[in-house]
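File shown: data.cif (mmCIF, C-alpha atoms).
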```
data_my_file
loop_
_atom_site.label_atom_id
_atom_site.label_comp_id
_atom_site.auth_asym_id
_atom_site.auth_seq_id
_atom_site.Cartn_x
_atom_site.Cartn_y
_atom_site.Cartn_z
CA MET A 5 -93.12 127.78 -113.13
CA ALA A 6 -91.84 131.33 -112.75
CA GLU A 7 -94.21 133.25 -115.03
CA LEU A 8 -97.85 133.16 -116.16
CA SER A 9 -99.88 135.20 -118.64
CA LEU A 10 -103.59 134.98 -117.91
CA PRO A 11 -106.84 136.57 -119.11
CA ALA A 12 -109.06 138.72 -116.91
CA PRO A 13 -112.31 138.44 -118.86
CA ALA A 14 -115.22 140.85 -118.96
CA LYS A 15 -118.65 139.93 -117.66
CA LEU A 16 -122.12 140.98 -118.66
CA ASN A 17 -125.16 141.22 -116.44
CA ARG A 18 -127.68 139.64 -118.80
CA LEU A 19 -130.36 140.80 -116.36
CA LEU A 20 -130.29 142.79 -113.12
CA ARG A 21 -133.20 143.06 -110.70
CA ILE A 22 -133.04 145.08 -107.47
CA THR A 23 -135.34 143.48 -104.93
CA GLY A 24 -134.56 145.45 -101.77
CA ARG A 25 -132.14 147.52 -99.74
CA ARG A 26 -130.45 146.20 -96.62
CA ALA A 27 -129.91 148.06 -93.36
CA ASP A 28 -126.19 148.36 -94.17
CA GLY A 29 -127.00 150.22 -97.39
CA TYR A 30 -126.20 147.37 -99.77
CA HIS A 31 -128.85 146.35 -102.28
CA GLU A 32 -130.37 142.90 -102.67
CA LEU A 33 -129.99 141.76 -106.28
CA GLN A 34 -130.91 139.04 -108.69
CA THR A 35 -128.67 138.86 -111.72
CA LEU A 36 -127.32 136.58 -114.42
CA PHE A 37 -123.58 136.77 -114.92
CA GLN A 38 -121.98 135.63 -118.15
CA PHE A 39 -118.34 135.94 -119.27
CA LEU A 40 -116.99 137.27 -122.55
CA ASP A 41 -113.99 136.05 -124.52
CA HIS A 42 -112.55 139.57 -124.27
CA GLY A 43 -110.83 141.36 -121.42
CA ASP A 44 -107.60 142.43 -119.76
CA THR A 45 -104.39 140.39 -119.49
CA LEU A 46 -102.17 139.94 -116.43
CA LYS A 47 -98.57 138.77 -116.72
CA LEU A 48 -97.33 137.44 -113.39
CA ARG A 49 -93.63 136.86 -112.66
CA ARG A 50 -92.66 135.24 -109.36
CA ARG A 51 -90.29 137.06 -107.02
CA GLU A 52 -88.28 135.31 -104.33
CA ASP A 53 -88.90 138.20 -101.93
CA ASP A 54 -92.35 139.35 -100.81
CA ARG A 55 -92.61 142.53 -102.89
CA ILE A 56 -95.66 143.11 -105.09
CA THR A 57 -95.18 145.45 -108.05
CA LEU A 58 -97.75 146.47 -110.65
CA THR A 59 -97.15 148.23 -113.96
CA PRO A 60 -98.30 150.43 -115.52
CA ALA A 61 -99.99 152.73 -113.02
CA LEU A 62 -103.68 153.35 -113.71
CA PRO A 63 -104.70 157.02 -113.88
CA GLY A 64 -106.30 158.10 -110.63
CA VAL A 65 -105.64 154.79 -108.85
CA ASP A 66 -102.94 154.63 -106.18
CA HIS A 67 -100.65 151.58 -106.49
CA ASP A 68 -101.55 150.21 -103.07
CA ALA A 69 -105.28 150.77 -103.66
CA ASN A 70 -105.38 148.79 -106.91
CA LEU A 71 -107.47 145.64 -106.52
CA ILE A 72 -104.67 143.56 -108.07
CA VAL A 73 -102.17 144.65 -105.42
CA ARG A 74 -104.74 144.30 -102.65
CA ALA A 75 -105.60 140.78 -103.85
CA ALA A 76 -101.94 139.75 -103.92
CA ARG A 77 -101.28 141.04 -100.42
CA LEU A 78 -104.47 139.48 -99.07
CA LEU A 79 -103.35 136.12 -100.47
CA GLN A 80 -99.93 136.54 -98.87
CA GLU A 81 -101.44 137.43 -95.50
CA SER A 82 -104.01 134.63 -95.51
CA THR A 83 -101.56 131.89 -96.45
CA GLY A 84 -98.31 133.13 -94.90
CA CYS A 85 -96.65 133.01 -98.31
CA ARG A 86 -93.33 134.88 -98.43
CA LEU A 87 -93.03 135.02 -102.20
CA GLY A 88 -93.91 138.09 -104.25
CA ALA A 89 -94.66 139.01 -107.84
CA ASP A 90 -94.07 141.53 -110.58
CA ILE A 91 -97.40 142.04 -112.34
CA ALA A 92 -97.92 143.70 -115.72
CA LEU A 93 -101.46 144.67 -116.68
CA THR A 94 -102.66 145.08 -120.25
CA LYS A 95 -105.85 147.11 -119.78
CA ARG A 96 -108.57 146.77 -122.43
CA LEU A 97 -111.74 147.09 -120.34
CA PRO A 98 -112.92 150.62 -119.50
CA MET A 99 -113.03 151.68 -115.89
CA GLY A 100 -116.54 152.40 -114.66
CA GLY A 101 -117.94 150.42 -117.56
CA GLY A 102 -119.99 147.75 -115.81
CA LEU A 103 -117.87 144.95 -117.28
CA GLY A 104 -116.30 143.91 -113.97
CA GLY A 105 -112.76 144.77 -115.00
CA GLY A 106 -111.41 145.51 -111.52
CA SER A 107 -113.10 142.47 -110.00
CA SER A 108 -111.85 140.26 -112.82
CA ASN A 109 -108.32 141.59 -112.36
CA ALA A 110 -108.49 140.74 -108.65
CA ALA A 111 -109.76 137.21 -109.37
CA THR A 112 -107.05 136.59 -111.96
CA ALA A 113 -104.44 137.78 -109.47
CA LEU A 114 -105.76 135.45 -106.75
CA LEU A 115 -106.02 132.37 -108.99
CA GLY A 116 -102.82 133.11 -110.90
CA LEU A 117 -100.68 133.80 -107.84
CA ALA A 118 -102.05 130.73 -106.05
CA ARG A 119 -100.79 128.71 -109.03
CA LEU A 120 -97.52 130.63 -109.35
CA TRP A 121 -96.73 130.32 -105.65
CA GLN A 122 -97.88 126.67 -105.58
CA LEU A 123 -100.36 127.23 -102.77
CA SER A 124 -102.88 124.61 -101.71
CA VAL A 125 -105.97 126.78 -101.47
CA SER A 126 -109.48 125.91 -102.67
CA LEU A 127 -111.71 127.91 -105.00
CA ASN A 128 -114.13 128.43 -102.11
CA ALA A 129 -111.37 129.87 -99.95
CA LEU A 130 -110.22 132.15 -102.76
CA ALA A 131 -113.81 133.26 -103.34
CA GLU A 132 -114.12 134.16 -99.65
CA LEU A 133 -111.00 136.28 -99.95
CA GLY A 134 -112.34 137.81 -103.14
CA LEU A 135 -115.60 138.81 -101.50
CA ARG A 136 -113.57 141.02 -99.16
CA LEU A 137 -112.41 142.92 -102.25
CA GLY A 138 -115.76 143.22 -104.01
CA ALA A 139 -119.12 141.52 -104.46
CA ASP A 140 -118.39 140.56 -108.09
CA VAL A 141 -115.04 138.88 -107.43
CA PRO A 142 -116.43 135.43 -106.41
CA VAL A 143 -118.14 134.79 -109.77
CA PHE A 144 -114.80 135.31 -111.52
CA ILE A 145 -113.10 132.97 -109.02
CA HIS A 146 -115.64 130.19 -109.55
CA GLY A 147 -115.54 130.73 -113.30
CA ARG A 148 -119.04 129.64 -114.27
CA ALA A 149 -121.92 131.66 -115.69
CA ALA A 150 -124.22 132.06 -112.74
CA TRP A 151 -127.53 133.16 -111.30
CA ALA A 152 -126.59 135.43 -108.38
CA GLU A 153 -128.54 136.68 -105.39
CA GLY A 154 -127.80 138.58 -102.19
CA ILE A 155 -125.37 141.37 -103.11
CA GLY A 156 -124.27 139.17 -106.00
CA GLU A 157 -122.24 136.67 -103.99
CA ARG A 158 -124.72 133.74 -103.73
CA LEU A 159 -124.06 131.89 -106.96
CA THR A 160 -125.79 129.05 -108.78
CA PRO A 161 -124.09 127.88 -112.01
CA VAL A 162 -126.25 128.09 -115.15
CA GLU A 163 -125.94 127.33 -118.84
CA LEU A 164 -126.92 130.32 -120.95
CA ASP A 165 -127.07 130.83 -124.68
CA THR A 166 -123.70 131.96 -126.07
CA PRO A 167 -124.45 134.53 -128.75
CA TRP A 168 -122.17 137.16 -130.19
CA PHE A 169 -122.37 140.51 -128.44
CA VAL A 170 -121.54 144.03 -129.45
CA VAL A 171 -120.53 146.11 -126.43
CA VAL A 172 -120.43 149.90 -126.67
CA HIS A 173 -118.76 152.23 -124.18
CA PRO A 174 -119.95 155.82 -124.69
CA GLY A 175 -116.74 157.40 -123.44
CA ILE A 176 -117.79 158.25 -119.89
CA GLU A 177 -117.34 156.67 -116.47
CA VAL A 178 -120.40 155.86 -114.36
CA ALA A 179 -120.05 156.16 -110.59
CA THR A 180 -121.77 153.12 -109.09
CA PRO A 181 -122.44 154.85 -105.71
CA ALA A 182 -124.27 157.65 -107.53
CA VAL A 183 -126.55 155.12 -109.21
CA PHE A 184 -127.31 153.08 -106.10
CA GLY A 185 -127.75 156.26 -104.07
CA ALA A 186 -130.22 157.85 -106.47
CA GLY A 187 -133.67 158.46 -105.01
CA GLN A 188 -135.49 157.33 -108.15
CA LEU A 189 -133.74 153.95 -108.38
CA THR A 190 -136.15 150.99 -108.42
CA ARG A 191 -135.54 148.98 -105.24
CA ASP A 192 -138.72 146.93 -104.89
CA THR A 193 -138.84 144.61 -107.89
CA PRO A 194 -140.53 141.37 -106.79
CA PRO A 195 -138.05 138.47 -106.57
CA ILE A 196 -138.43 135.67 -109.09
CA SER A 197 -137.01 132.17 -109.19
CA MET A 198 -134.00 131.28 -111.28
CA ALA A 199 -136.13 128.78 -113.20
CA ARG A 200 -138.67 131.45 -114.12
CA ALA A 201 -135.96 133.89 -115.22
CA LEU A 202 -134.35 131.29 -117.47
CA GLN A 203 -137.74 130.25 -118.85
CA GLU A 204 -138.63 133.85 -119.72
CA GLY A 205 -135.38 134.25 -121.63
CA PRO A 206 -133.45 137.26 -122.97
CA HIS A 207 -136.47 138.94 -124.57
CA ALA A 208 -137.90 139.54 -121.07
CA TRP A 209 -134.68 140.39 -119.24
CA ARG A 210 -134.10 143.93 -118.01
CA ASN A 211 -131.75 145.98 -115.85
CA ASP A 212 -133.39 147.94 -113.02
CA CYS A 213 -130.49 150.42 -113.03
CA GLN A 214 -131.07 151.40 -116.65
CA PRO A 215 -133.77 154.11 -116.23
CA THR A 216 -131.74 155.84 -113.50
CA VAL A 217 -128.49 155.68 -115.46
CA ARG A 218 -130.28 157.11 -118.49
CA ARG A 219 -131.37 160.11 -116.42
CA LEU A 220 -128.03 160.66 -114.69
CA TYR A 221 -125.84 160.03 -117.75
CA PRO A 222 -127.49 161.11 -121.02
CA ALA A 223 -124.53 159.74 -123.01
CA VAL A 224 -125.51 156.23 -121.92
CA GLY A 225 -129.06 156.84 -123.13
CA GLU A 226 -127.70 157.98 -126.49
CA ALA A 227 -125.66 154.78 -126.80
CA LEU A 228 -128.66 152.64 -125.85
CA ASP A 229 -130.87 154.37 -128.39
CA TRP A 230 -128.27 154.00 -131.13
CA LEU A 231 -127.51 150.34 -130.45
CA SER A 232 -131.22 149.53 -130.14
CA GLY A 233 -131.54 150.52 -133.79
CA PHE A 234 -129.78 147.23 -134.62
CA ALA A 235 -131.03 144.86 -131.89
CA PRO A 236 -132.65 145.03 -128.42
CA SER A 237 -130.03 146.52 -126.11
CA LEU A 238 -129.38 146.61 -122.39
CA LEU A 239 -127.13 148.21 -119.80
CA THR A 240 -124.65 145.93 -118.04
CA GLY A 241 -124.26 146.46 -114.30
CA THR A 242 -124.52 150.16 -113.56
CA GLY A 243 -122.88 150.93 -116.93
CA ALA A 244 -121.56 152.83 -118.73
CA CYS A 245 -121.36 149.95 -121.26
CA VAL A 246 -124.41 148.80 -123.19
CA PHE A 247 -124.75 145.64 -125.25
CA CYS A 248 -126.87 143.77 -127.75
CA GLN A 249 -126.80 140.11 -128.70
CA LEU A 250 -126.48 138.82 -132.24
CA THR A 251 -126.52 135.48 -134.01
CA HIS A 252 -123.57 135.95 -136.36
CA SER A 253 -120.10 137.49 -136.10
CA ASP A 254 -120.53 139.40 -139.36
CA GLU A 255 -123.62 141.14 -137.93
CA ALA A 256 -121.37 142.43 -135.14
CA ASP A 257 -118.77 143.58 -137.66
CA SER A 258 -121.42 145.54 -139.55
CA ILE A 259 -122.44 147.39 -136.37
CA LEU A 260 -118.85 148.06 -135.33
CA ALA A 261 -118.16 149.69 -138.70
CA ARG A 262 -120.81 152.31 -137.86
CA VAL A 263 -119.65 153.26 -134.34
CA GLY A 264 -119.14 157.01 -134.04
CA ASP A 265 -116.19 159.02 -132.77
CA GLY A 266 -115.74 159.16 -129.01
CA TRP A 267 -117.20 155.71 -128.43
CA HIS A 268 -115.27 152.49 -127.96
CA ALA A 269 -116.88 149.23 -129.06
CA PHE A 270 -115.93 145.60 -129.47
CA LYS A 271 -117.50 142.26 -130.31
CA ALA A 272 -117.16 139.16 -128.16
CA ARG A 273 -118.69 135.74 -127.70
CA GLY A 274 -120.53 134.80 -124.53
CA CYS A 275 -118.86 132.08 -122.44
CA ASN A 276 -120.34 129.85 -119.76
CA THR A 277 -116.86 128.84 -118.59
CA SER A 278 -114.49 131.70 -117.85
CA PRO A 279 -111.51 132.07 -120.23
CA LEU A 280 -109.41 132.28 -117.06
CA HIS A 281 -110.53 128.82 -115.97
CA GLN A 282 -109.90 127.54 -119.49
CA ALA A 283 -106.34 128.94 -119.41
CA LEU A 284 -105.65 127.35 -116.02
CA GLY A 285 -107.20 124.00 -116.99
CA LEU A 286 -109.90 124.31 -114.35
CA HIS A 287 -112.89 123.69 -116.67
#
```
Now, as a test, write the supplied structure out as structure tokens.
Amino acid sequence: MAELSLPAPAKLNRLLRITGRRADGYHELQTLFQFLDHGDTLKLRRREDDRITLTPALPGVDHDANLIVRAARLLQESTGCRLGADIALTKRLPMGGGLGGGSSNAATALLGLARLWQLSVSLNALAELGLRLGADVPVFIHGRAAWAEGIGERLTPVELDTPWFVVVHPGIEVATPAVFGAGQLTRDTPPISMARALQEGPHAWRNDCQPTVRRLYPAVGEALDWLSGFAPSLLTGTGACVFCQLTHSDEADSILARVGDGWHAFKARGCNTSPLHQALGLH
């Protein structure tokens, strides 16, 4: 096998509770991760030398700082592998959108290159490497919808409903550090059990970042208000994307037909097994 083409799916935070702030500045979270059948695509071609190339360049992101390149080099260093790869990225997910695009790209690079280079490395080992790149990378490595705690790295697989979603990006990029650094951010939500969260269900789920993001980024509030005219809507992660869940695909199409200029929107189905794991036969 000399080449692979693999999905790097989006994720939604179906709920996000901030229960505390650690001494190192990171926040303690409780969240429900679910994948979408929509995302970026990585084409990986094996090289017989150890070079890692990535095309095209992303605006404002240095080649060596890209999470895909960092993931590839981390895998080389940790395994002693002397092979390399030419990687082509088809980017569909907005940067700063709260859909986990960078983390998903890194996870797809780790899993895809481990397969391409024929490395004997476990999912747990890859997830440990991924955590060094970002708190959201492990959920993409493990490939199961999950209840997450800690900074988002302590994962328990769950089975969630799999509705259709409409996701709207209001054309701006949200800076996660600005949200988590905001003085008005809720940081003391009482922890709940996974069982209680699942029992309460989507009608009770919320995102503790949403009020702060509304204040800091009025465009996100406008998108939330507009989408809420069709169905209850929520911020994913720290945004900027907002989403609503629907029963039927044609309901999503009807909403998409009304999206205004300057916004990007798409419909997708929720997945409890990552499309990446499905493509690699890991499900």
Query raised in the report: To one decimal place, how far is CA of Gly116 in chain A from CA of Gly102 in chain A in Å?
Result: 23.1 Å
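Using the PyMOL selection byres ((chain A and resi 158-166) around 7) on the file at hand returns these residues: Arg148, Ala149, Ala150, Trp151, Ala152, Glu153, Gly154, Gly156, Glu157, Pro167, Trp168, Arg273, Gly274, Cys275 and Asn276 of chain A.
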Box for range 241-245 of chain A - axis-aligned, 6 Å on each of the six sides, all listed atoms - centre and size in Å to one decimal, as lines of an AutoDock Vina configuration file.
```
center_x = -122.9
center_y = 149.6
center_z = -117.4
size_x = 15.2
size_y = 18.4
size_z = 19.7
```
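Residues in contact range of Leu87 in chain A, defined as at most 7 Å between only C-alpha atoms, with sequence neighbours fewer than 3 positions away removed, read Arg51, Glu52, Asp53, Asp54 and Trp121 of chain A.
Summary of the local environment: counting only C-alpha atoms, residues at most 8 Å from Thr57 in chain A, other than itself and those fewer than 4 positions away along its chain, are Val73, Ala89, Asp90 and Ile91 of chain A.
With all atoms listed in the file taken into account, the protein and nucleic acid residues at most 10 Å from Leu260 in chain A (excluding it and anything under 5 positions from it in its own chain) are Val170, Val171, Val172, Asp254, Glu255, His268, Ala269, Phe270 and Lys271 of chain A.
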Deliver the residues from the most recent selection as a file, using C-alpha atoms, as a PDB file, in the frame of the given file.
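Result saved to again25.pdb:
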```
ATOM      1  CA  VAL A 170    -121.540 144.030-129.450  1.00  0.00           C
ATOM      2  CA  VAL A 171    -120.530 146.110-126.430  1.00  0.00           C
ATOM      3  CA  VAL A 172    -120.430 149.900-126.670  1.00  0.00           C
ATOM      4  CA  ASP A 254    -120.530 139.400-139.360  1.00  0.00           C
ATOM      5  CA  GLU A 255    -123.620 141.140-137.930  1.00  0.00           C
ATOM      6  CA  HIS A 268    -115.270 152.490-127.960  1.00  0.00           C
ATOM      7  CA  ALA A 269    -116.880 149.230-129.060  1.00  0.00           C
ATOM      8  CA  PHE A 270    -115.930 145.600-129.470  1.00  0.00           C
ATOM      9  CA  LYS A 271    -117.500 142.260-130.310  1.00  0.00           C
TER      10      LYS A 271
END
```
Requested in this report: Grab the CA of Pro98 in chain A to CA of Ala118 in chain A distance for me, in Å with one decimal place.
Outcome: 26.4 Å
Show me, as JSON lines, the residues of range 164-250 of chain A having an atom within 8 Å of range 28-46 of chain A, each with the closest atom pair and its distance in Å, using all atoms listed in the file.
```
{"residue": "A:Leu164", "atom": "CA", "partner": "A:Gln38", "partner_atom": "CA", "distance": 7.8}
{"residue": "A:Phe184", "atom": "CA", "partner": "A:His31", "partner_atom": "CA", "distance": 7.9}
{"residue": "A:Arg191", "atom": "CA", "partner": "A:His31", "partner_atom": "CA", "distance": 7.8}
{"residue": "A:Pro195", "atom": "CA", "partner": "A:Gln34", "partner_atom": "CA", "distance": 7.5}
```
Query raised in the report: At what distance in Å, to one decimal, does CA of Ala14 in chain A lie from CA of Arg26 in chain A?
Result: 27.6 Å
Query raised in the report: What do you get, as number ranges by chain, if you spell out every residue that the PyMOL selection byres ((chain A and resi 112) around 9) selects here?
Result: A: 10-13, 45-46, 72, 107-111, 113-117, 144-145, 280
Query raised in the report: Looking at A:Gln214, A:Ser237, A:Ser258, A:Gln80, which one is nearest to Ile22 in chain A, with distances taken over only C-alpha atoms?
Result: A:Gln214
Query raised in the report: Hey, which of A:Asp68, A:Ala272, A:Asn211, A:Ala235 ends up closest to Ser253 in chain A? Count all atoms listed in the file.
Result: A:Ala272
Requested in this report: Name the closest residue to Gly243 in chain A among the candidates A:Arg218, A:Lys47, A:Arg55, A:Arg119; distances are taken between atoms, counting only C-alpha atoms.
Outcome: A:Arg218
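Using all atoms listed in the file, the nearest neighbour of Arg74 in chain A within the list A:Leu58, A:Asp212, A:Ser9, A:Met198 is A:Leu58.
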**Report entry** Who sits within 10 Å of Gly175 in chain A, all atoms listed in the file, same chain under 3 positions skipped, as a list in words
**Finding:** Pro98, Gly101, Val172, Val178, Ala223, Val224, Ala227, Ala244, Cys245, Asp265, Gly266, Trp267, His268 and Ala269 of chain A
Query raised in the report: For the point (-98.2, 133.9, -111.8) in file coordinates, what residues are within 6 Å, counting only C-alpha atoms? Give the answer as a PyMOL selection string?
Result: chain A and resi 7-8+48-49+116-117+120
Query - Among listed residues A:Glu226, A:Ala186, A:His173, A:His207, nearest Leu97 in chain A (using only C-alpha atoms) - result: A:His173
Requested in this report: For Pro206 in chain A, work out the shell of residues within 9 Å, counting all atoms listed in the file and skipping chain neighbours fewer than 4 positions away, then give it as a ChimeraX atom specification.
Outcome: /A:18-19,201-202,210
Output range 255-277 of chain A as a PDB file, in the frame of the given file, making sure N, CA and C atoms are there.
```
ATOM      1  N   GLU A 255    -122.663 140.117-138.365  1.00  0.00           N
ATOM      2  CA  GLU A 255    -123.620 141.140-137.930  1.00  0.00           C
ATOM      3  C   GLU A 255    -122.934 142.125-136.978  1.00  0.00           C
ATOM      4  N   ALA A 256    -122.118 141.578-136.075  1.00  0.00           N
ATOM      5  CA  ALA A 256    -121.370 142.430-135.140  1.00  0.00           C
ATOM      6  C   ALA A 256    -120.410 143.335-135.889  1.00  0.00           C
ATOM      7  N   ASP A 257    -119.716 142.776-136.888  1.00  0.00           N
ATOM      8  CA  ASP A 257    -118.770 143.580-137.660  1.00  0.00           C
ATOM      9  C   ASP A 257    -119.472 144.748-138.350  1.00  0.00           C
ATOM     10  N   SER A 258    -120.667 144.498-138.862  1.00  0.00           N
ATOM     11  CA  SER A 258    -121.420 145.540-139.550  1.00  0.00           C
ATOM     12  C   SER A 258    -121.758 146.688-138.597  1.00  0.00           C
ATOM     13  N   ILE A 259    -122.135 146.351-137.361  1.00  0.00           N
ATOM     14  CA  ILE A 259    -122.440 147.390-136.370  1.00  0.00           C
ATOM     15  C   ILE A 259    -121.178 148.143-135.977  1.00  0.00           C
ATOM     16  N   LEU A 260    -120.093 147.419-135.750  1.00  0.00           N
ATOM     17  CA  LEU A 260    -118.850 148.060-135.330  1.00  0.00           C
ATOM     18  C   LEU A 260    -118.350 149.060-136.363  1.00  0.00           C
ATOM     19  N   ALA A 261    -118.602 148.786-137.631  1.00  0.00           N
ATOM     20  CA  ALA A 261    -118.160 149.690-138.700  1.00  0.00           C
ATOM     21  C   ALA A 261    -118.897 151.027-138.649  1.00  0.00           C
ATOM     22  N   ARG A 262    -120.007 151.092-137.902  1.00  0.00           N
ATOM     23  CA  ARG A 262    -120.810 152.310-137.860  1.00  0.00           C
ATOM     24  C   ARG A 262    -120.648 153.090-136.547  1.00  0.00           C
ATOM     25  N   VAL A 263    -119.807 152.599-135.645  1.00  0.00           N
ATOM     26  CA  VAL A 263    -119.650 153.260-134.340  1.00  0.00           C
ATOM     27  C   VAL A 263    -119.013 154.643-134.528  1.00  0.00           C
ATOM     28  N   GLY A 264    -119.597 155.639-133.872  1.00  0.00           N
ATOM     29  CA  GLY A 264    -119.140 157.010-134.040  1.00  0.00           C
ATOM     30  C   GLY A 264    -117.903 157.342-133.228  1.00  0.00           C
ATOM     31  N   ASP A 265    -117.354 158.522-133.497  1.00  0.00           N
ATOM     32  CA  ASP A 265    -116.190 159.020-132.770  1.00  0.00           C
ATOM     33  C   ASP A 265    -116.537 159.219-131.298  1.00  0.00           C
ATOM     34  N   GLY A 266    -115.555 158.954-130.443  1.00  0.00           N
ATOM     35  CA  GLY A 266    -115.740 159.160-129.010  1.00  0.00           C
ATOM     36  C   GLY A 266    -116.283 157.942-128.292  1.00  0.00           C
ATOM     37  N   TRP A 267    -116.740 156.954-129.024  1.00  0.00           N
ATOM     38  CA  TRP A 267    -117.200 155.710-128.430  1.00  0.00           C
ATOM     39  C   TRP A 267    -116.176 154.609-128.693  1.00  0.00           C
ATOM     40  N   HIS A 268    -116.091 153.688-127.766  1.00  0.00           N
ATOM     41  CA  HIS A 268    -115.270 152.490-127.960  1.00  0.00           C
ATOM     42  C   HIS A 268    -116.214 151.298-128.004  1.00  0.00           C
ATOM     43  N   ALA A 269    -116.001 150.394-128.943  1.00  0.00           N
ATOM     44  CA  ALA A 269    -116.880 149.230-129.060  1.00  0.00           C
ATOM     45  C   ALA A 269    -116.060 147.999-129.444  1.00  0.00           C
ATOM     46  N   PHE A 270    -116.579 146.855-129.088  1.00  0.00           N
ATOM     47  CA  PHE A 270    -115.930 145.600-129.470  1.00  0.00           C
ATOM     48  C   PHE A 270    -116.993 144.510-129.585  1.00  0.00           C
ATOM     49  N   LYS A 271    -116.631 143.431-130.249  1.00  0.00           N
ATOM     50  CA  LYS A 271    -117.500 142.260-130.310  1.00  0.00           C
ATOM     51  C   LYS A 271    -116.848 141.149-129.502  1.00  0.00           C
ATOM     52  N   ALA A 272    -117.673 140.272-128.957  1.00  0.00           N
ATOM     53  CA  ALA A 272    -117.160 139.160-128.160  1.00  0.00           C
ATOM     54  C   ALA A 272    -118.225 138.072-128.119  1.00  0.00           C
ATOM     55  N   ARG A 273    -117.777 136.875-127.836  1.00  0.00           N
ATOM     56  CA  ARG A 273    -118.690 135.740-127.700  1.00  0.00           C
ATOM     57  C   ARG A 273    -118.963 135.496-126.218  1.00  0.00           C
ATOM     58  N   GLY A 274    -120.202 135.175-125.896  1.00  0.00           N
ATOM     59  CA  GLY A 274    -120.530 134.800-124.530  1.00  0.00           C
ATOM     60  C   GLY A 274    -119.923 133.456-124.171  1.00  0.00           C
ATOM     61  N   CYS A 275    -119.494 133.315-122.919  1.00  0.00           N
ATOM     62  CA  CYS A 275    -118.860 132.080-122.440  1.00  0.00           C
ATOM     63  C   CYS A 275    -119.514 131.648-121.134  1.00  0.00           C
ATOM     64  N   ASN A 276    -119.828 130.378-121.015  1.00  0.00           N
ATOM     65  CA  ASN A 276    -120.340 129.850-119.760  1.00  0.00           C
ATOM     66  C   ASN A 276    -119.241 129.350-118.833  1.00  0.00           C
ATOM     67  N   THR A 277    -118.051 129.110-119.388  1.00  0.00           N
ATOM     68  CA  THR A 277    -116.860 128.840-118.590  1.00  0.00           C
ATOM     69  C   THR A 277    -115.891 129.986-118.810  1.00  0.00           C
TER      70      THR A 277
END
```
